[in-house]
$ cat protein.cif   # mmCIF, C-alpha atoms and all ligand atoms
data_entry
#
loop_
_atom_site.group_PDB
_atom_site.id
_atom_site.type_symbol
_atom_site.label_atom_id
_atom_site.label_comp_id
_atom_site.auth_asym_id
_atom_site.auth_seq_id
_atom_site.Cartn_x
_atom_site.Cartn_y
_atom_site.Cartn_z
ATOM 1 C CA MET A 1 35.391 -42.524 -13.673
ATOM 2 C CA SER A 2 36.292 -41.798 -17.264
ATOM 3 C CA ILE A 3 34.194 -40.606 -20.181
ATOM 4 C CA SER A 4 35.177 -41.415 -23.741
ATOM 5 C CA PHE A 5 36.318 -38.488 -25.903
ATOM 6 C CA ASP A 6 37.813 -38.392 -29.383
ATOM 7 C CA PHE A 7 40.414 -35.718 -30.109
ATOM 8 C CA ARG A 8 42.051 -37.417 -33.088
ATOM 9 C CA GLY A 9 43.237 -34.775 -35.552
ATOM 10 C CA LYS A 10 43.207 -32.046 -32.907
ATOM 11 C CA SER A 11 46.385 -30.242 -31.927
ATOM 12 C CA VAL A 12 46.467 -29.715 -28.142
ATOM 13 C CA LEU A 13 49.008 -27.840 -26.006
ATOM 14 C CA VAL A 14 48.955 -28.285 -22.220
ATOM 15 C CA THR A 15 51.264 -26.114 -20.103
ATOM 16 C CA GLY A 16 52.415 -27.214 -16.672
ATOM 17 C CA ALA A 17 52.132 -30.861 -17.655
ATOM 18 C CA SER A 18 55.209 -32.296 -15.941
ATOM 19 C CA SER A 19 53.211 -33.105 -12.804
ATOM 20 C CA GLY A 20 49.896 -32.724 -11.033
ATOM 21 C CA ILE A 21 46.722 -31.569 -12.758
ATOM 22 C CA GLY A 22 48.460 -30.749 -16.060
ATOM 23 C CA GLN A 23 49.951 -34.218 -16.290
ATOM 24 C CA GLY A 24 46.569 -35.821 -15.570
ATOM 25 C CA VAL A 25 44.831 -33.650 -18.181
ATOM 26 C CA ALA A 26 47.563 -34.228 -20.777
ATOM 27 C CA ALA A 27 47.440 -37.990 -20.278
ATOM 28 C CA ALA A 28 43.680 -37.926 -20.878
ATOM 29 C CA PHE A 29 44.114 -35.933 -24.120
ATOM 30 C CA ALA A 30 46.797 -38.423 -25.206
ATOM 31 C CA ARG A 31 44.435 -41.351 -24.554
ATOM 32 C CA ALA A 32 41.786 -39.522 -26.604
ATOM 33 C CA GLY A 33 44.125 -39.450 -29.593
ATOM 34 C CA ALA A 34 45.137 -35.763 -29.596
ATOM 35 C CA ASP A 35 48.237 -34.516 -31.358
ATOM 36 C CA LEU A 36 49.690 -33.420 -28.033
ATOM 37 C CA THR A 37 52.431 -31.021 -26.981
ATOM 38 C CA ILE A 38 53.233 -30.612 -23.298
ATOM 39 C CA LEU A 39 55.289 -27.858 -21.713
ATOM 40 C CA SER A 40 56.869 -27.032 -18.380
ATOM 41 C CA ASP A 41 59.939 -25.331 -16.989
ATOM 42 C CA THR A 42 61.448 -28.536 -15.619
ATOM 43 C CA ASP A 43 63.253 -31.561 -17.051
ATOM 44 C CA GLY A 44 60.329 -33.582 -15.723
ATOM 45 C CA ILE A 45 58.464 -32.648 -18.899
ATOM 46 C CA HIS A 46 60.608 -35.126 -20.851
ATOM 47 C CA ALA A 47 59.797 -37.923 -18.397
ATOM 48 C CA ALA A 48 56.109 -36.996 -18.605
ATOM 49 C CA ALA A 49 56.228 -37.255 -22.413
ATOM 50 C CA ALA A 50 58.085 -40.568 -22.210
ATOM 51 C CA ALA A 51 55.362 -41.912 -19.901
ATOM 52 C CA MET A 52 52.873 -41.152 -22.695
ATOM 53 C CA HIS A 53 54.744 -43.588 -24.953
ATOM 54 C CA GLY A 54 55.530 -41.173 -27.770
ATOM 55 C CA ARG A 55 52.045 -39.664 -27.866
ATOM 56 C CA ALA A 56 53.303 -36.236 -26.712
ATOM 57 C CA LYS A 57 56.064 -33.843 -27.725
ATOM 58 C CA ALA A 58 57.813 -32.117 -24.812
ATOM 59 C CA ILE A 59 58.892 -28.477 -24.604
ATOM 60 C CA LYS A 60 60.916 -27.132 -21.694
ATOM 61 C CA CYS A 61 60.320 -23.411 -21.244
ATOM 62 C CA ASP A 62 59.779 -20.833 -18.510
ATOM 63 C CA ILE A 63 56.500 -19.160 -19.498
ATOM 64 C CA SER A 64 57.305 -16.010 -17.533
ATOM 65 C CA ASP A 65 60.050 -15.265 -20.088
ATOM 66 C CA ALA A 66 58.232 -13.855 -23.135
ATOM 67 C CA SER A 67 61.143 -14.214 -25.554
ATOM 68 C CA ALA A 68 61.776 -17.800 -24.412
ATOM 69 C CA VAL A 69 58.094 -18.575 -25.046
ATOM 70 C CA THR A 70 58.293 -17.085 -28.553
ATOM 71 C CA ALA A 71 61.337 -19.212 -29.362
ATOM 72 C CA ALA A 72 60.049 -22.408 -27.736
ATOM 73 C CA LEU A 73 56.714 -22.300 -29.585
ATOM 74 C CA ALA A 74 58.113 -21.155 -32.942
ATOM 75 C CA ASN A 75 57.718 -24.551 -34.616
ATOM 76 C CA ILE A 76 54.120 -25.128 -33.589
ATOM 77 C CA GLU A 77 51.913 -24.537 -36.622
ATOM 78 C CA ARG A 78 48.436 -24.841 -35.135
ATOM 79 C CA VAL A 79 46.838 -25.231 -31.707
ATOM 80 C CA ASP A 80 43.165 -26.200 -31.697
ATOM 81 C CA ILE A 81 43.011 -26.454 -27.913
ATOM 82 C CA LEU A 82 45.258 -24.488 -25.570
ATOM 83 C CA VAL A 83 45.254 -25.447 -21.882
ATOM 84 C CA ASN A 84 46.984 -22.763 -19.813
ATOM 85 C CA ASN A 85 47.564 -24.771 -16.655
ATOM 86 C CA ALA A 86 51.110 -23.901 -15.518
ATOM 87 C CA GLY A 87 51.120 -22.100 -12.207
ATOM 88 C CA LEU A 88 53.013 -21.445 -9.000
ATOM 89 C CA GLU A 89 51.404 -21.618 -5.556
ATOM 90 C CA LYS A 90 53.436 -20.089 -2.713
ATOM 91 C CA PRO A 91 52.530 -18.194 0.453
ATOM 92 C CA THR A 92 53.152 -14.435 0.421
ATOM 93 C CA PRO A 93 51.996 -13.125 3.830
ATOM 94 C CA LEU A 94 52.309 -9.464 4.637
ATOM 95 C CA SER A 95 55.419 -9.174 6.789
ATOM 96 C CA GLY A 96 56.264 -5.499 7.087
ATOM 97 C CA THR A 97 59.832 -6.318 6.074
ATOM 98 C CA ASN A 98 59.715 -6.029 2.297
ATOM 99 C CA PRO A 99 57.418 -3.145 1.318
ATOM 100 C CA ASN A 100 59.636 -2.356 -1.680
ATOM 101 C CA GLY A 101 59.199 -5.711 -3.305
ATOM 102 C CA ASP A 102 58.787 -9.355 -2.590
ATOM 103 C CA ALA A 103 60.472 -11.757 -4.984
ATOM 104 C CA THR A 104 57.971 -14.536 -4.291
ATOM 105 C CA PHE A 105 55.011 -12.215 -4.911
ATOM 106 C CA GLU A 106 56.506 -11.073 -8.196
ATOM 107 C CA ARG A 107 57.369 -14.624 -9.296
ATOM 108 C CA VAL A 108 53.839 -15.922 -8.661
ATOM 109 C CA MET A 109 52.352 -13.039 -10.659
ATOM 110 C CA ALA A 110 54.966 -13.388 -13.427
ATOM 111 C CA ILE A 111 54.104 -17.048 -13.992
ATOM 112 C CA ASN A 112 50.372 -17.194 -13.285
ATOM 113 C CA VAL A 113 49.367 -13.924 -14.965
ATOM 114 C CA ASN A 114 52.096 -12.784 -17.355
ATOM 115 C CA GLY A 115 53.052 -16.360 -18.267
ATOM 116 C CA THR A 116 49.466 -17.257 -19.143
ATOM 117 C CA ARG A 117 49.274 -14.145 -21.281
ATOM 118 C CA ASN A 118 52.685 -14.804 -22.907
ATOM 119 C CA VAL A 119 51.670 -18.273 -24.101
ATOM 120 C CA THR A 120 48.222 -17.182 -25.287
ATOM 121 C CA ASP A 121 49.427 -14.087 -27.118
ATOM 122 C CA THR A 122 52.275 -15.993 -28.775
ATOM 123 C CA LEU A 123 49.875 -18.602 -30.136
ATOM 124 C CA ILE A 124 46.741 -16.583 -30.792
ATOM 125 C CA ASN A 125 47.204 -16.331 -34.563
ATOM 126 C CA ARG A 126 47.812 -20.075 -34.713
ATOM 127 C CA ILE A 127 44.564 -20.919 -32.921
ATOM 128 C CA PRO A 128 42.012 -21.420 -35.707
ATOM 129 C CA ASP A 129 38.486 -20.021 -35.639
ATOM 130 C CA GLY A 130 36.452 -22.351 -33.441
ATOM 131 C CA GLY A 131 39.434 -23.139 -31.221
ATOM 132 C CA ARG A 132 39.319 -23.467 -27.429
ATOM 133 C CA ILE A 133 41.313 -21.951 -24.607
ATOM 134 C CA ILE A 134 41.053 -23.272 -21.043
ATOM 135 C CA ILE A 135 42.811 -21.684 -18.070
ATOM 136 C CA THR A 136 43.334 -23.466 -14.767
ATOM 137 C CA ALA A 137 42.265 -20.906 -12.178
ATOM 138 C CA SER A 138 41.200 -22.015 -8.670
ATOM 139 C CA ILE A 139 38.332 -21.747 -6.227
ATOM 140 C CA TRP A 140 40.611 -19.091 -4.736
ATOM 141 C CA ALA A 141 39.746 -17.077 -7.864
ATOM 142 C CA LYS A 142 36.358 -16.647 -6.177
ATOM 143 C CA THR A 143 37.264 -16.747 -2.493
ATOM 144 C CA ALA A 144 40.425 -15.902 -0.541
ATOM 145 C CA VAL A 145 42.655 -17.348 2.133
ATOM 146 C CA GLY A 146 44.961 -15.357 4.387
ATOM 147 C CA GLY A 147 48.673 -15.453 3.578
ATOM 148 C CA PHE A 148 48.333 -16.213 -0.136
ATOM 149 C CA SER A 149 47.750 -12.741 -1.604
ATOM 150 C CA ALA A 150 49.824 -13.183 -4.772
ATOM 151 C CA TYR A 151 48.309 -16.559 -5.575
ATOM 152 C CA VAL A 152 44.748 -15.427 -4.827
ATOM 153 C CA ALA A 153 45.232 -12.210 -6.831
ATOM 154 C CA SER A 154 46.779 -14.126 -9.724
ATOM 155 C CA LYS A 155 43.857 -16.545 -9.848
ATOM 156 C CA HIS A 156 41.323 -13.699 -9.776
ATOM 157 C CA ALA A 157 43.376 -12.230 -12.634
ATOM 158 C CA ASN A 158 43.167 -15.528 -14.531
ATOM 159 C CA VAL A 159 39.382 -15.226 -14.480
ATOM 160 C CA GLY A 160 39.676 -11.615 -15.663
ATOM 161 C CA LEU A 161 41.906 -12.685 -18.557
ATOM 162 C CA MET A 162 39.504 -15.498 -19.411
ATOM 163 C CA ARG A 163 36.442 -13.232 -19.478
ATOM 164 C CA THR A 164 38.236 -10.570 -21.523
ATOM 165 C CA TRP A 165 39.539 -13.082 -24.069
ATOM 166 C CA ALA A 166 36.128 -14.747 -24.301
ATOM 167 C CA GLN A 167 34.692 -11.369 -25.381
ATOM 168 C CA GLU A 168 37.613 -10.604 -27.681
ATOM 169 C CA LEU A 169 37.702 -13.995 -29.400
ATOM 170 C CA GLY A 170 33.969 -14.688 -29.503
ATOM 171 C CA PRO A 171 33.636 -13.273 -33.028
ATOM 172 C CA ARG A 172 36.087 -15.958 -34.178
ATOM 173 C CA GLY A 173 34.119 -18.693 -32.441
ATOM 174 C CA ILE A 174 36.965 -19.329 -30.017
ATOM 175 C CA ARG A 175 35.599 -20.409 -26.644
ATOM 176 C CA VAL A 176 37.551 -19.380 -23.563
ATOM 177 C CA ASN A 177 36.804 -20.807 -20.132
ATOM 178 C CA ALA A 178 38.454 -21.336 -16.763
ATOM 179 C CA ILE A 179 38.334 -24.372 -14.530
ATOM 180 C CA CYS A 180 38.479 -23.648 -10.807
ATOM 181 C CA PRO A 181 39.729 -26.722 -8.963
ATOM 182 C CA GLY A 182 39.149 -27.156 -5.271
ATOM 183 C CA TRP A 183 41.615 -29.236 -3.263
ATOM 184 C CA VAL A 184 43.503 -31.622 -5.541
ATOM 185 C CA LYS A 185 46.214 -33.853 -4.111
ATOM 186 C CA THR A 186 49.381 -32.398 -5.670
ATOM 187 C CA GLY A 187 52.719 -31.281 -4.197
ATOM 188 C CA PRO A 188 51.948 -27.546 -3.987
ATOM 189 C CA ALA A 189 48.418 -28.064 -2.617
ATOM 190 C CA MET A 190 49.705 -30.310 0.159
ATOM 191 C CA ALA A 191 52.482 -27.778 0.921
ATOM 192 C CA SER A 192 49.828 -25.047 1.215
ATOM 193 C CA LEU A 193 47.757 -27.266 3.495
ATOM 194 C CA SER A 194 50.803 -27.706 5.713
ATOM 195 C CA GLU A 195 51.497 -23.937 5.705
ATOM 196 C CA LEU A 196 47.881 -23.102 6.569
ATOM 197 C CA ALA A 197 47.851 -25.724 9.347
ATOM 198 C CA THR A 198 50.976 -24.189 10.862
ATOM 199 C CA THR A 199 49.713 -20.604 10.680
ATOM 200 C CA SER A 200 46.323 -21.533 12.120
ATOM 201 C CA GLY A 201 47.800 -23.666 14.913
ATOM 202 C CA THR A 202 46.152 -26.899 13.855
ATOM 203 C CA THR A 203 47.304 -30.166 12.322
ATOM 204 C CA GLU A 204 47.240 -31.027 8.627
ATOM 205 C CA ASP A 205 44.738 -33.788 9.327
ATOM 206 C CA GLY A 206 42.552 -31.389 11.300
ATOM 207 C CA LEU A 207 42.646 -28.771 8.570
ATOM 208 C CA LEU A 208 41.952 -31.352 5.894
ATOM 209 C CA ALA A 209 38.933 -32.532 7.872
ATOM 210 C CA ASP A 210 37.683 -28.905 8.015
ATOM 211 C CA VAL A 211 38.138 -28.543 4.242
ATOM 212 C CA MET A 212 36.339 -31.798 3.542
ATOM 213 C CA SER A 213 33.447 -30.884 5.834
ATOM 214 C CA ALA A 214 32.904 -27.710 3.768
ATOM 215 C CA GLN A 215 32.331 -29.836 0.652
ATOM 216 C CA ALA A 216 28.887 -31.076 -0.365
ATOM 217 C CA ILE A 217 30.531 -34.348 -1.401
ATOM 218 C CA HIS A 218 33.496 -34.997 0.891
ATOM 219 C CA GLY A 219 36.867 -36.016 -0.475
ATOM 220 C CA LEU A 220 40.288 -34.915 -1.648
ATOM 221 C CA MET A 221 40.430 -34.962 -5.453
ATOM 222 C CA THR A 222 43.217 -36.337 -7.648
ATOM 223 C CA PRO A 223 44.691 -34.853 -10.854
ATOM 224 C CA GLU A 224 42.962 -37.620 -12.801
ATOM 225 C CA ASP A 225 39.606 -36.460 -11.367
ATOM 226 C CA MET A 226 40.064 -33.130 -13.123
ATOM 227 C CA ALA A 227 40.614 -34.358 -16.658
ATOM 228 C CA ASP A 228 37.045 -35.093 -17.750
ATOM 229 C CA THR A 229 35.944 -31.470 -17.240
ATOM 230 C CA TYR A 230 38.812 -30.163 -19.383
ATOM 231 C CA LEU A 231 38.064 -32.635 -22.156
ATOM 232 C CA PHE A 232 34.351 -31.876 -22.009
ATOM 233 C CA LEU A 233 34.945 -28.116 -22.318
ATOM 234 C CA ALA A 234 37.351 -28.755 -25.186
ATOM 235 C CA SER A 235 34.844 -31.031 -26.922
ATOM 236 C CA ASP A 236 31.842 -30.077 -29.044
ATOM 237 C CA GLY A 237 29.738 -30.881 -25.967
ATOM 238 C CA GLY A 238 30.759 -27.481 -24.596
ATOM 239 C CA HIS A 239 29.727 -25.608 -27.742
ATOM 240 C CA ASN A 240 27.626 -22.963 -25.983
ATOM 241 C CA ILE A 241 29.958 -22.494 -23.030
ATOM 242 C CA THR A 242 32.346 -19.543 -23.046
ATOM 243 C CA GLY A 243 33.400 -16.894 -20.534
ATOM 244 C CA GLN A 244 32.727 -19.237 -17.603
ATOM 245 C CA ALA A 245 34.748 -20.063 -14.498
ATOM 246 C CA ILE A 246 33.610 -23.570 -13.601
ATOM 247 C CA ASN A 247 34.252 -24.952 -10.127
ATOM 248 C CA VAL A 248 35.362 -28.575 -9.920
ATOM 249 C CA ASP A 249 35.484 -28.767 -6.155
ATOM 250 C CA ARG A 250 32.901 -31.243 -4.830
ATOM 251 C CA GLY A 251 30.638 -28.348 -3.943
ATOM 252 C CA GLU A 252 33.002 -26.432 -1.645
ATOM 253 C CA VAL A 253 32.265 -23.069 -3.291
ATOM 254 C CA MET A 254 28.861 -22.491 -4.844
ATOM 255 C CA SER A 255 29.278 -19.258 -6.788
HETATM 256 P P1 LIG A 301 52.169 -28.827 -9.947
HETATM 257 O O1 LIG A 301 53.307 -28.117 -9.303
HETATM 258 O O2 LIG A 301 52.135 -30.302 -9.908
HETATM 259 O O3 LIG A 301 52.047 -28.357 -11.448
HETATM 260 C C1 LIG A 301 52.466 -27.077 -11.876
HETATM 261 C C2 LIG A 301 53.043 -27.198 -13.251
HETATM 262 O O4 LIG A 301 53.369 -25.876 -13.743
HETATM 263 C C3 LIG A 301 54.335 -28.013 -13.290
HETATM 264 O O5 LIG A 301 54.377 -28.758 -14.489
HETATM 265 C C4 LIG A 301 55.412 -26.940 -13.305
HETATM 266 O O6 LIG A 301 56.637 -27.369 -13.868
HETATM 267 C C5 LIG A 301 54.720 -25.886 -14.189
HETATM 268 N N1 LIG A 301 55.320 -24.568 -14.047
HETATM 269 C C6 LIG A 301 55.529 -23.865 -12.900
HETATM 270 N N2 LIG A 301 56.171 -22.720 -13.189
HETATM 271 C C7 LIG A 301 56.372 -22.697 -14.524
HETATM 272 C C8 LIG A 301 56.997 -21.787 -15.414
HETATM 273 N N3 LIG A 301 57.578 -20.658 -14.980
HETATM 274 N N4 LIG A 301 57.013 -22.085 -16.734
HETATM 275 C C9 LIG A 301 56.457 -23.237 -17.198
HETATM 276 N N5 LIG A 301 55.875 -24.142 -16.397
HETATM 277 C C10 LIG A 301 55.838 -23.873 -15.084
HETATM 278 O O7 LIG A 301 50.839 -28.218 -9.271
HETATM 279 P P2 LIG A 301 49.278 -28.427 -9.537
HETATM 280 O O8 LIG A 301 48.648 -28.399 -8.217
HETATM 281 O O9 LIG A 301 49.043 -29.549 -10.458
HETATM 282 O O10 LIG A 301 48.917 -27.038 -10.250
HETATM 283 C C11 LIG A 301 48.504 -26.967 -11.605
HETATM 284 C C12 LIG A 301 47.581 -25.773 -11.742
HETATM 285 O O11 LIG A 301 46.408 -26.008 -10.969
HETATM 286 C C13 LIG A 301 48.170 -24.470 -11.236
HETATM 287 O O12 LIG A 301 47.773 -23.403 -12.090
HETATM 288 C C14 LIG A 301 47.530 -24.331 -9.871
HETATM 289 O O13 LIG A 301 47.476 -22.985 -9.450
HETATM 290 C C15 LIG A 301 46.157 -24.899 -10.154
HETATM 291 N N6 LIG A 301 45.369 -25.329 -8.992
HETATM 292 C C16 LIG A 301 45.752 -26.397 -8.250
HETATM 293 C C17 LIG A 301 44.963 -26.803 -7.180
HETATM 294 C C18 LIG A 301 45.311 -27.994 -6.311
HETATM 295 O O14 LIG A 301 44.639 -28.236 -5.312
HETATM 296 N N7 LIG A 301 46.322 -28.759 -6.644
HETATM 297 C C19 LIG A 301 43.803 -26.108 -6.854
HETATM 298 C C20 LIG A 301 43.447 -25.023 -7.639
HETATM 299 C C21 LIG A 301 44.233 -24.642 -8.720
#
$ encode --input "protein.cif" --output "structure tokens"
Amino acid sequence: MSISFDFRGKSVLVTGASSGIGQGVAAAFARAGADLTILSDTDGIHAAAAAMHGRAKAIKCDISDASAVTAALANIERVDILVNNAGLEKPTPLSGTNPNGDATFERVMAINVNGTRNVTDTLINRIPDGGRIIITASIWAKTAVGGFSAYVASKHANVGLMRTWAQELGPRGIRVNAICPGWVKTGPAMASLSELATTSGTTEDGLLADVMSAQAIHGLMTPEDMADTYLFLASDGGHNITGQAINVDRGEVMS
């Protein structure tokens, strides 16, 4: 299903657009005529831009590195719509073996929380009044799953950032919202499914069936399924919506 949007003349930046949800969202903005910039920390960002047939500029940058973000975004003059989508999903179970620090825990927080803040703070004076900021959070911003403390905490933090910025930027007419995807078929989500199946002693198919049965409308979503909600929130159709964390999850979580 695809709704028609028109973002001609709008400058859009999507982070984490070399694969998965970010790539699906970026491709939809490109089709809608946006002046698009896409960013990720991998060389795949150049291939993603090439696949958009010259409709997107690519930036390779690690968003957890504040000075690298400042340098990488220096030439961007204006961003009407900022989509903070880049994120890392990895298990971080309590183990009792690394109470003084866990590199994976710190990396997930550095990207999902600090990285989101680095990009937003770097660009904030180049987002005009009336601009839009969308953060990809997760249904795990509202619920939790054992073994994923850093990821779950980082996604709760994404909602906290979103609500704070919505208050802070409201006087400028900048709307800030989060989208909370449920299960979307991407590399990291399928790796997490495999991890959870192993730790719970079931099969991936069995766990997937459990997940689907918790949904009001059963089915694993695709990155392309996500795009319409981002474009709607970025459009004038969302003009009274700010400070919201909106589940796109086929009714798995209803709060
Ligand atoms: P993905 O791995 O396909 O996409 C992640 C993107 O973020 C990639 O482009 C990657 O290069 C980029 N990225 C990672 N670390 C980065 C860094 N340090 N600097 C810059 N870019 C970096 O995974 P995805 O599933 O599409 O995830 C996209 C977003 O959606 C993430 O924020 C994820 O937490 C969220 N999410 C995904 C699901 C799901 O089921 N797939 C569910 C809920 C939330």
$ axis_aligned_box --input "protein.cif" --around "ligand LIG 301 (chain A)" --padding-each-side "3 Å" --output "AutoDock Vina command-line options"
--center_x 50.5 --center_y -25.5 --center_z -11.3 --size_x 20.1 --size_y 15.6 --size_z 17.9
$ closest_atom_pairs --input "protein.cif" --of "chain A" --to "ligand LIG 301 (chain A)" --cutoff "6 Å" --atoms "only C-alpha atoms and all ligand atoms" --output "Markdown table"
| residue | atom | partner | partner_atom | distance |
| --- | --- | --- | --- | --- |
| A:Gly16 | CA | A:LIG301 | O5 | 3.3 |
| A:Ala17 | CA | A:LIG301 | O5 | 4.4 |
| A:Ser18 | CA | A:LIG301 | O5 | 3.9 |
| A:Ser19 | CA | A:LIG301 | O2 | 4.2 |
| A:Gly20 | CA | A:LIG301 | O9 | 3.3 |
| A:Ile21 | CA | A:LIG301 | O9 | 3.8 |
| A:Gly22 | CA | A:LIG301 | O9 | 5.8 |
| A:Ser40 | CA | A:LIG301 | N5 | 3.6 |
| A:Asp41 | CA | A:LIG301 | C9 | 4.1 |
| A:Thr42 | CA | A:LIG301 | O6 | 5.3 |
| A:Cys61 | CA | A:LIG301 | C9 | 5.6 |
| A:Asp62 | CA | A:LIG301 | N4 | 3.5 |
| A:Ile63 | CA | A:LIG301 | N4 | 4.1 |
| A:Ser64 | CA | A:LIG301 | N3 | 5.3 |
| A:Asn85 | CA | A:LIG301 | O12 | 4.8 |
| A:Ala86 | CA | A:LIG301 | O4 | 3.5 |
| A:Gly87 | CA | A:LIG301 | O12 | 3.6 |
| A:Leu88 | CA | A:LIG301 | C6 | 5.2 |
| A:Glu89 | CA | A:LIG301 | O13 | 5.7 |
| A:Ile111 | CA | A:LIG301 | N3 | 5.1 |
| A:Thr136 | CA | A:LIG301 | O12 | 5.2 |
| A:Ala137 | CA | A:LIG301 | C21 | 5.5 |
| A:Ser138 | CA | A:LIG301 | C20 | 3.9 |
| A:Pro181 | CA | A:LIG301 | C20 | 4.3 |
| A:Gly182 | CA | A:LIG301 | C19 | 5.0 |
| A:Trp183 | CA | A:LIG301 | O14 | 3.8 |
| A:Val184 | CA | A:LIG301 | O14 | 3.6 |
| A:Lys185 | CA | A:LIG301 | N7 | 5.7 |
| A:Thr186 | CA | A:LIG301 | O8 | 4.8 |
| A:Gly187 | CA | A:LIG301 | O2 | 5.8 |
| A:Pro188 | CA | A:LIG301 | O8 | 5.4 |
| A:Ala189 | CA | A:LIG301 | N7 | 4.6 |
$ resolve_selection --input "protein.cif" --expression "the PyMOL selection byres (((chain A and resi 231-246) around 6) and not hetatm)" --output "list in words"
Arg163, Ala166, Arg175, Val176, Asn177, Ala178, Ile179, Cys180, Asp228, Thr229, Tyr230 and Asn247 of chain A
$ residues_around --input "protein.cif" --residues "Asn75 in chain A" --least-positions-apart "4" --cutoff "12 Å" --atoms "only C-alpha atoms" --output "list of chain:residue names"
A:Thr37, A:Lys57, A:Ile59, A:Val69, A:Thr70, A:Ala71, A:Val79, A:Thr122, A:Leu123, A:Arg126
$ residues_around --input "protein.cif" --residues "Pro128 in chain A" --least-positions-apart "2" --cutoff "9 Å" --atoms "all atoms listed in the file" --output "ChimeraX atom specification"
/A:78-80,124-126,130-132,172-174
$ resolve_selection --input "protein.cif" --expression "the PyMOL selection byres (((chain A and resi 14) around 6) and not hetatm)" --output "PyMOL selection string"
chain A and resi 13+15+38+83
$ atom_distance --input "protein.cif" --atom1 "CA of Ala209 in chain A" --atom2 "CA of Tyr151 in chain A"
22.9 Å
$ resolve_selection --input "protein.cif" --expression "the PyMOL selection byres (((chain A and resi 214) around 12) and not hetatm)" --output "number ranges by chain"
A: 182-183, 207-213, 215-220, 249-254
$ residues_around --input "protein.cif" --residues "Thr143 in chain A" --least-positions-apart "3" --cutoff "8 Å" --atoms "all atoms listed in the file" --output "PyMOL selection string"
chain A and resi 139-140+152
$ atom_distance --input "protein.cif" --atom1 "CA of Asn84 in chain A" --atom2 "CA of Ile133 in chain A"
7.5 Å
$ decode --input "protein.cif" --residues "range 124-169 of chain A" --atoms "C-alpha atoms" --output "JSON list (two decimals), in the first residue's frame"
[["chain", "number", "residue", "atom", "x", "y", "z"],
["A", 124, "ILE", "CA", 18.97, 22.37, 15.32],
["A", 125, "ASN", "CA", 19.76, 25.91, 14.15],
["A", 126, "ARG", "CA", 19.39, 24.78, 10.55],
["A", 127, "ILE", "CA", 15.90, 23.35, 11.10],
["A", 128, "PRO", "CA", 13.53, 26.20, 10.25],
["A", 129, "ASP", "CA", 10.49, 27.14, 12.33],
["A", 130, "GLY", "CA", 7.76, 24.67, 11.40],
["A", 131, "GLY", "CA", 10.26, 21.87, 10.79],
["A", 132, "ARG", "CA", 9.78, 18.24, 11.81],
["A", 133, "ILE", "CA", 11.88, 15.76, 13.73],
["A", 134, "ILE", "CA", 11.01, 12.05, 13.81],
["A", 135, "ILE", "CA", 12.89, 9.48, 15.89],
["A", 136, "THR", "CA", 12.68, 5.75, 15.28],
["A", 137, "ALA", "CA", 12.12, 4.30, 18.74],
["A", 138, "SER", "CA", 10.54, 0.84, 19.17],
["A", 139, "ILE", "CA", 7.67, -0.91, 20.88],
["A", 140, "TRP", "CA", 10.44, -1.84, 23.32],
["A", 141, "ALA", "CA", 10.37, 1.86, 24.28],
["A", 142, "LYS", "CA", 7.09, 0.95, 25.99],
["A", 143, "THR", "CA", 7.66, -2.67, 26.97],
["A", 144, "ALA", "CA", 10.77, -4.73, 27.71],
["A", 145, "VAL", "CA", 12.34, -8.04, 26.82],
["A", 146, "GLY", "CA", 14.91, -9.89, 28.91],
["A", 147, "GLY", "CA", 18.52, -9.75, 27.73],
["A", 148, "PHE", "CA", 18.27, -6.46, 25.83],
["A", 149, "SER", "CA", 18.73, -3.91, 28.63],
["A", 150, "ALA", "CA", 20.85, -1.41, 26.68],
["A", 151, "TYR", "CA", 18.57, -1.48, 23.65],
["A", 152, "VAL", "CA", 15.38, -1.26, 25.73],
["A", 153, "ALA", "CA", 16.84, 1.55, 27.87],
["A", 154, "SER", "CA", 18.05, 3.42, 24.79],
["A", 155, "LYS", "CA", 14.61, 3.23, 23.18],
["A", 156, "HIS", "CA", 12.91, 4.46, 26.36],
["A", 157, "ALA", "CA", 15.48, 7.27, 26.27],
["A", 158, "ASN", "CA", 14.57, 8.05, 22.65],
["A", 159, "VAL", "CA", 11.00, 8.69, 23.77],
["A", 160, "GLY", "CA", 12.31, 10.89, 26.60],
["A", 161, "LEU", "CA", 14.40, 12.91, 24.14],
["A", 162, "MET", "CA", 11.42, 13.21, 21.80],
["A", 163, "ARG", "CA", 9.07, 14.46, 24.52],
["A", 164, "THR", "CA", 11.64, 16.93, 25.86],
["A", 165, "TRP", "CA", 12.43, 18.32, 22.40],
["A", 166, "ALA", "CA", 8.74, 18.55, 21.55],
["A", 167, "GLN", "CA", 8.31, 20.85, 24.58],
["A", 168, "GLU", "CA", 11.50, 22.78, 23.85],
["A", 169, "LEU", "CA", 10.83, 23.31, 20.14]]
